[in-house]
$ cat data_20.txt   # compact mmCIF, C-alpha atoms
# COMPACT_ATOMS: atom_id res chain seq x y z
CA MET A 1 77.79 95.59 89.10
CA ARG A 2 78.29 98.19 91.82
CA VAL A 3 78.92 97.25 95.44
CA ARG A 4 78.29 99.93 98.07
CA ILE A 5 80.19 99.41 101.33
CA LEU A 6 79.25 101.45 104.39
CA TYR A 7 81.98 101.39 107.03
CA HIS A 8 82.88 102.99 110.38
CA ASP A 9 84.65 106.18 109.32
CA HIS A 10 87.89 107.52 110.83
CA CYS A 11 88.66 104.13 112.38
CA PHE A 12 91.53 101.82 111.38
CA ASP A 13 89.38 98.73 111.90
CA GLY A 14 86.54 100.27 109.89
CA ALA A 15 88.87 101.04 106.99
CA ALA A 16 90.57 97.64 107.16
CA SER A 17 87.18 95.90 107.31
CA ALA A 18 86.04 97.72 104.18
CA ALA A 19 89.25 96.84 102.36
CA PHE A 20 89.24 93.17 103.36
CA PHE A 21 85.53 92.72 102.69
CA SER A 22 85.81 94.27 99.22
CA ARG A 23 88.66 91.91 98.30
CA PHE A 24 86.78 88.92 99.69
CA VAL A 25 83.50 89.50 97.85
CA GLU A 26 85.19 90.59 94.62
CA GLU A 27 87.26 87.42 94.45
CA LYS A 28 84.58 85.07 95.76
CA PHE A 29 81.26 86.49 94.55
CA TYR A 30 81.41 89.59 92.33
CA PRO A 31 84.44 89.54 89.99
CA GLY A 32 84.95 92.84 88.21
CA ALA A 33 82.57 94.73 90.50
CA GLU A 34 82.89 98.48 91.04
CA PHE A 35 83.24 99.41 94.72
CA SER A 36 81.93 102.60 96.33
CA PHE A 37 82.56 103.46 99.98
CA THR A 38 80.55 105.52 102.46
CA GLY A 39 81.89 106.45 105.89
CA LEU A 40 79.47 106.36 108.81
CA ALA A 41 79.63 108.16 112.15
CA HIS A 42 77.71 107.46 115.34
CA LYS A 43 75.15 110.19 115.90
CA ALA A 44 71.95 110.71 117.84
CA SER A 45 69.89 111.34 114.70
CA GLN A 46 69.12 108.80 112.01
CA LEU A 47 72.19 106.63 111.33
CA PHE A 48 71.23 105.60 107.81
CA GLU A 49 69.97 108.24 105.43
CA PRO A 50 67.59 107.49 102.56
CA GLY A 51 69.49 106.57 99.44
CA MET A 52 72.58 105.22 101.19
CA PHE A 53 71.88 101.69 99.96
CA ASP A 54 72.15 102.56 96.28
CA GLY A 55 74.34 99.70 95.05
CA ASP A 56 73.38 96.49 93.32
CA ILE A 57 74.94 94.95 96.43
CA ASN A 58 75.02 96.85 99.74
CA ALA A 59 77.12 96.03 102.79
CA ILE A 60 77.77 97.43 106.27
CA VAL A 61 81.02 96.56 108.05
CA ASP A 62 82.11 97.51 111.58
CA PHE A 63 78.90 99.46 112.16
CA LYS A 64 75.39 99.05 113.48
CA TYR A 65 72.70 96.91 111.92
CA SER A 66 70.09 98.20 109.49
CA THR A 67 66.75 96.62 108.67
CA ASP A 68 66.77 98.22 105.22
CA PRO A 69 65.60 95.60 102.70
CA HIS A 70 68.40 96.62 100.33
CA LEU A 71 71.12 95.53 102.78
CA THR A 72 72.91 92.44 101.40
CA TRP A 73 75.85 91.88 103.79
CA TRP A 74 76.53 92.90 107.39
CA PHE A 75 79.45 92.29 109.75
CA ASP A 76 79.89 93.79 113.22
CA HIS A 77 81.48 92.96 116.56
CA HIS A 78 80.24 95.81 118.79
CA GLN A 79 78.00 95.04 121.76
CA SER A 80 75.77 97.96 120.72
CA ALA A 81 75.33 96.78 117.13
CA LEU A 82 71.63 95.99 117.53
CA LEU A 83 70.06 99.25 118.67
CA SER A 84 66.57 97.98 119.44
CA PRO A 85 64.71 94.72 120.14
CA GLU A 86 63.19 95.12 116.68
CA ASP A 87 66.66 95.21 115.11
CA GLY A 88 67.61 92.06 117.02
CA GLU A 89 64.46 90.27 115.96
CA HIS A 90 64.97 91.28 112.33
CA PHE A 91 68.57 90.05 112.38
CA ARG A 92 67.67 86.71 113.99
CA HIS A 93 65.06 86.05 111.30
CA ASP A 94 67.40 86.84 108.41
CA THR A 95 67.84 83.86 106.10
CA SER A 96 70.35 85.30 103.64
CA GLY A 97 73.38 83.74 105.31
CA HIS A 98 75.25 87.01 104.69
CA LYS A 99 74.74 88.85 107.97
CA PHE A 100 77.08 88.18 110.87
CA PHE A 101 77.43 89.41 114.44
CA ASP A 102 79.86 88.24 117.12
CA PRO A 103 80.92 90.57 119.96
CA SER A 104 83.62 88.14 121.11
CA PHE A 105 85.95 89.38 118.35
CA ARG A 106 88.32 92.24 119.14
CA SER A 107 88.19 93.60 115.60
CA CYS A 108 85.68 93.43 112.78
CA THR A 109 88.48 92.81 110.29
CA MET A 110 89.51 89.63 112.08
CA TYR A 111 85.86 88.60 112.28
CA ILE A 112 85.32 89.05 108.53
CA ALA A 113 88.56 87.18 107.79
CA THR A 114 87.51 84.30 110.05
CA VAL A 115 84.03 83.99 108.53
CA ALA A 116 85.45 84.31 105.01
CA ARG A 117 87.88 81.46 105.69
CA GLU A 118 85.67 79.12 107.71
CA LYS A 119 82.35 79.60 105.94
CA PHE A 120 83.34 80.55 102.39
CA GLY A 121 86.82 79.07 101.99
CA TYR A 122 88.46 82.41 101.26
CA GLU A 123 91.93 83.33 102.46
CA SER A 124 94.46 85.81 101.09
CA ALA A 125 98.04 85.70 102.31
CA ASP A 126 98.78 89.30 101.32
CA LEU A 127 96.04 90.58 103.67
CA LYS A 128 97.34 88.85 106.81
CA GLU A 129 99.35 91.90 107.85
CA LEU A 130 96.26 94.10 107.57
CA VAL A 131 94.12 91.69 109.58
CA GLY A 132 96.76 91.27 112.27
CA TRP A 133 97.25 94.99 112.80
CA ALA A 134 93.52 95.68 112.84
CA ASP A 135 93.25 93.23 115.73
CA ILE A 136 96.18 94.81 117.57
CA ILE A 137 94.90 98.35 117.12
CA ASP A 138 91.19 97.80 117.79
CA GLY A 139 91.91 95.46 120.70
CA ALA A 140 94.79 97.62 122.02
CA LEU A 141 97.04 94.56 122.03
CA TYR A 142 100.23 96.60 121.88
CA LYS A 143 103.32 95.20 123.57
CA ASP A 144 103.27 98.26 125.82
CA ALA A 145 101.99 101.85 125.84
CA GLN A 146 105.17 103.08 124.19
CA GLU A 147 104.48 101.04 121.05
CA ALA A 148 101.05 102.65 120.83
CA VAL A 149 102.21 106.25 121.09
CA ASP A 150 105.64 106.22 119.42
CA LEU A 151 104.10 105.94 115.94
CA GLY A 152 107.08 103.84 114.96
CA THR A 153 105.14 101.49 112.68
CA PRO A 154 103.27 102.12 109.43
CA ALA A 155 100.09 100.80 111.10
CA THR A 156 100.14 103.32 113.95
CA GLN A 157 101.05 106.11 111.54
CA LEU A 158 98.06 105.19 109.39
CA THR A 159 95.87 105.09 112.49
CA LEU A 160 96.75 108.70 113.25
CA THR A 161 96.13 109.65 109.61
CA ILE A 162 92.76 107.87 109.46
CA GLU A 163 91.51 109.27 112.76
CA GLY A 164 92.91 112.77 112.35
CA SER A 165 92.12 113.52 108.70
CA LYS A 166 89.18 115.70 107.77
CA GLY A 167 86.37 114.36 105.64
CA SER A 168 86.37 110.88 104.12
CA GLU A 169 88.57 111.36 101.06
CA THR A 170 91.85 110.37 102.71
CA VAL A 171 90.30 107.40 104.52
CA GLN A 172 88.79 106.09 101.30
CA LYS A 173 92.10 106.46 99.48
CA ILE A 174 93.69 104.39 102.25
CA ILE A 175 90.92 101.77 101.96
CA ARG A 176 91.59 101.37 98.25
CA LEU A 177 95.33 101.13 98.86
CA MET A 178 94.81 98.58 101.66
CA ARG A 179 93.22 96.21 99.16
CA HIS A 180 96.52 95.39 97.48
CA ARG A 181 99.44 97.28 99.08
CA THR A 182 101.41 96.77 102.28
CA LEU A 183 100.96 99.16 105.20
CA ALA A 184 104.51 100.42 104.71
CA GLU A 185 103.81 101.26 101.08
CA ILE A 186 100.60 103.07 102.01
CA ALA A 187 102.22 105.06 104.83
CA ALA A 188 105.00 106.16 102.44
CA ASP A 189 102.59 107.34 99.74
CA PRO A 190 103.20 111.08 99.16
CA GLU A 191 99.50 111.97 99.43
CA ILE A 192 99.21 110.09 102.72
CA GLN A 193 102.40 111.68 104.02
CA ALA A 194 100.99 115.12 103.19
CA VAL A 195 98.13 114.43 105.63
CA TYR A 196 100.18 112.54 108.22
CA GLN A 197 103.05 114.96 108.72
CA PRO A 198 101.01 117.94 110.04
CA LEU A 199 99.21 115.58 112.43
CA TYR A 200 102.50 114.09 113.60
CA LEU A 201 104.03 117.52 114.18
CA ASN A 202 101.03 118.65 116.25
CA PRO A 203 101.66 117.22 119.77
CA LEU A 204 97.98 117.17 120.75
CA GLN A 205 96.88 115.48 117.53
CA ARG A 206 99.80 113.07 117.65
CA TRP A 207 99.27 111.85 121.19
CA CYS A 208 95.49 111.93 121.26
CA GLY A 209 94.61 110.70 117.80
CA VAL A 210 95.80 107.13 118.21
CA PHE A 211 93.53 106.61 121.23
CA ARG A 212 90.28 107.99 119.86
CA SER A 213 88.60 104.65 119.14
CA GLY A 214 87.84 103.76 122.77
CA GLY A 215 85.92 100.68 123.88
CA ALA A 216 88.05 97.62 124.56
CA ARG A 217 91.03 99.47 123.20
CA HIS A 218 90.64 102.21 125.81
CA ARG A 219 90.23 99.67 128.62
CA ARG A 220 93.30 97.72 127.46
CA LEU A 221 95.39 100.89 127.51
CA GLN A 222 94.37 101.38 131.12
CA GLN A 223 95.89 98.00 131.87
CA ILE A 224 99.23 98.47 130.11
CA HIS A 225 100.35 101.77 131.53
CA SER A 226 99.97 104.13 134.42
CA VAL A 227 101.60 107.32 133.14
CA LEU A 228 102.23 108.87 129.74
CA PHE A 229 103.89 112.24 129.37
CA VAL A 230 102.58 114.32 126.49
CA PRO A 231 105.03 117.05 125.46
CA GLY A 232 103.59 120.34 126.68
CA ILE A 233 100.29 118.77 127.72
CA ALA A 234 99.10 116.88 130.77
CA LEU A 235 95.89 114.85 130.45
CA TYR A 236 94.33 113.38 133.57
CA GLY A 237 92.08 110.46 134.41
CA LEU A 238 93.50 107.31 132.79
CA GLY A 239 95.63 104.98 134.87
CA HIS A 240 97.05 107.06 137.69
CA HIS A 241 97.59 110.39 136.00
CA VAL A 242 96.87 110.51 132.29
CA ALA A 243 93.71 110.36 130.19
CA VAL A 244 93.60 110.20 126.42
CA PRO A 245 90.49 111.06 124.40
CA TYR A 246 88.35 108.24 123.11
CA GLN A 247 85.33 107.92 120.89
CA GLY A 248 82.72 110.40 121.95
CA PHE A 249 85.43 112.82 123.07
CA SER A 250 84.34 116.34 122.18
CA GLY A 251 87.38 118.41 123.01
CA ILE A 252 89.99 119.58 125.48
CA GLU A 253 89.72 122.72 127.53
CA PRO A 254 93.04 124.35 128.50
CA VAL A 255 93.32 124.90 132.25
CA GLY A 256 96.78 126.41 132.43
CA GLN A 257 100.20 126.25 130.89
CA GLY A 258 101.20 122.69 130.11
CA SER A 259 97.89 121.16 131.18
CA ALA A 260 94.42 120.44 129.88
CA GLN A 261 91.26 118.79 131.06
CA ILE A 262 88.65 116.75 129.22
$ encode --input "data_20.txt" --output "structure tokens"
Amino acid sequence: MRVRILYHDHCFDGAASAAFFSRFVEEKFYPGAEFSFTGLAHKASQLFEPGMFDGDINAIVDFKYSTDPHLTWWFDHHQSALLSPEDGEHFRHDTSGHKFFDPSFRSCTMYIATVAREKFGYESADLKELVGWADIIDGALYKDAQEAVDLGTPATQLTLTIEGSKGSETVQKIIRLMRHRTLAEIAADPEIQAVYQPLYLNPLQRWCGVFRSGGARHRRLQQIHSVLFVPGIALYGLGHHVAVPYQGFSGIEPVGQGSAQI
């Protein structure tokens, strides 16, 4: 049996959701299944291309709803998950018991873990670290702004790697590693380090990448700091003096030595 999981690409919560969901359904419903992953990006054109739902089982996690009849599972927590009244009506009439939406959750990973435990009796102690960090990162529940930007934890290092890597190959490697390995083990993997180190050494990538997810995370960062100093770069608009890019950000235009504007 092949399970196709479509997830929010270049997003820590999207990757963690895909990893947790795959463990959950493999252990609870589809033992021995083969898992394939497809990263999705928000775009103005059609979100779901023909042929995407090519598994025996098809799931979407941390991304918008689809009315495709081949969709088996769905989890999302974004306010914008249901793009049209028709989508909402279709979701409300679903009788599968495998499609879930709750915008009160800060992260989709925590939402999946909660539903898996409360509705299906599934819990895995070795995934608690992953679930906890997904909630911190997607909800911007850092102790302070310094924790977010210092990249002193495996989770924040993986966030930079996931959001700054090109294509989906690195993200999908991380998803597969997240299924059974600790975040520290994943961050130390030589292939992951080969992607992470150039991003870390690039000041713009390093300081901007960890904030690219936006939403509640962006708003929370506004609350926990007023000023961040980026080496060699000044970004304006967030808090009192500094803005960091968030989802939908299209680039930075240099306006002079040591400064930039969005």
$ closest_atom_pairs --input "data_20.txt" --of "range 10-37 of chain A" --to "range 101-111 of chain A" --cutoff "9 Å" --atoms "all atoms listed in the file" --output "Markdown table"
| residue | atom | partner | partner_atom | distance |
| --- | --- | --- | --- | --- |
| A:Asp13 | CA | A:Thr109 | CA | 6.2 |
| A:Gly14 | CA | A:Cys108 | CA | 7.5 |
| A:Ala15 | CA | A:Thr109 | CA | 8.9 |
| A:Ala16 | CA | A:Thr109 | CA | 6.1 |
| A:Ser17 | CA | A:Thr109 | CA | 4.5 |
| A:Ala18 | CA | A:Thr109 | CA | 8.2 |
| A:Ala19 | CA | A:Thr109 | CA | 8.9 |
| A:Phe20 | CA | A:Thr109 | CA | 7.0 |
| A:Phe21 | CA | A:Thr109 | CA | 8.2 |
$ write_last_selection --input "data_20.txt" --atoms "C-alpha atoms" --output "PDB file, in the coordinates of the input"
ATOM      1  CA  ASP A  13      89.380  98.730 111.900  1.00  0.00           C
ATOM      2  CA  GLY A  14      86.540 100.270 109.890  1.00  0.00           C
ATOM      3  CA  ALA A  15      88.870 101.040 106.990  1.00  0.00           C
ATOM      4  CA  ALA A  16      90.570  97.640 107.160  1.00  0.00           C
ATOM      5  CA  SER A  17      87.180  95.900 107.310  1.00  0.00           C
ATOM      6  CA  ALA A  18      86.040  97.720 104.180  1.00  0.00           C
ATOM      7  CA  ALA A  19      89.250  96.840 102.360  1.00  0.00           C
ATOM      8  CA  PHE A  20      89.240  93.170 103.360  1.00  0.00           C
ATOM      9  CA  PHE A  21      85.530  92.720 102.690  1.00  0.00           C
TER      10      PHE A  21
END
$ closest_residue --input "data_20.txt" --among "A:Leu160, A:Ala148, A:Ala33, A:Leu82" --to "Gln197 in chain A" --atoms "only C-alpha atoms"
A:Leu160
$ closest_residue --input "data_20.txt" --among "A:Lys173, A:Leu130, A:Arg4, A:Glu163" --to "Asp189 in chain A" --atoms "all atoms listed in the file"
A:Lys173
$ closest_residue --input "data_20.txt" --among "A:Gln146, A:Glu49, A:Ile186, A:Thr114" --to "Ile162 in chain A" --atoms "all atoms listed in the file"
A:Ile186
$ residues_around --input "data_20.txt" --residues "Ala184 in chain A" --least-positions-apart "3" --cutoff "12 Å" --atoms "all atoms listed in the file" --output "ChimeraX atom specification"
/A:129-130,152-158,174,177-178,180-181,187-189,192-193
$ atom_distance --input "data_20.txt" --atom1 "CA of Phe120 in chain A" --atom2 "CA of Ser96 in chain A"
13.9 Å
$ closest_residue --input "data_20.txt" --among "A:His98, A:Lys28, A:Arg176, A:Lys166" --to "Tyr196 in chain A" --atoms "all atoms listed in the file"
A:Lys166
$ atom_distance --input "data_20.txt" --atom1 "CA of Ile60 in chain A" --atom2 "CA of Ile136 in chain A"
21.8 Å
$ atom_distance --input "data_20.txt" --atom1 "CA of Glu118 in chain A" --atom2 "CA of Leu83 in chain A"
27.7 Å
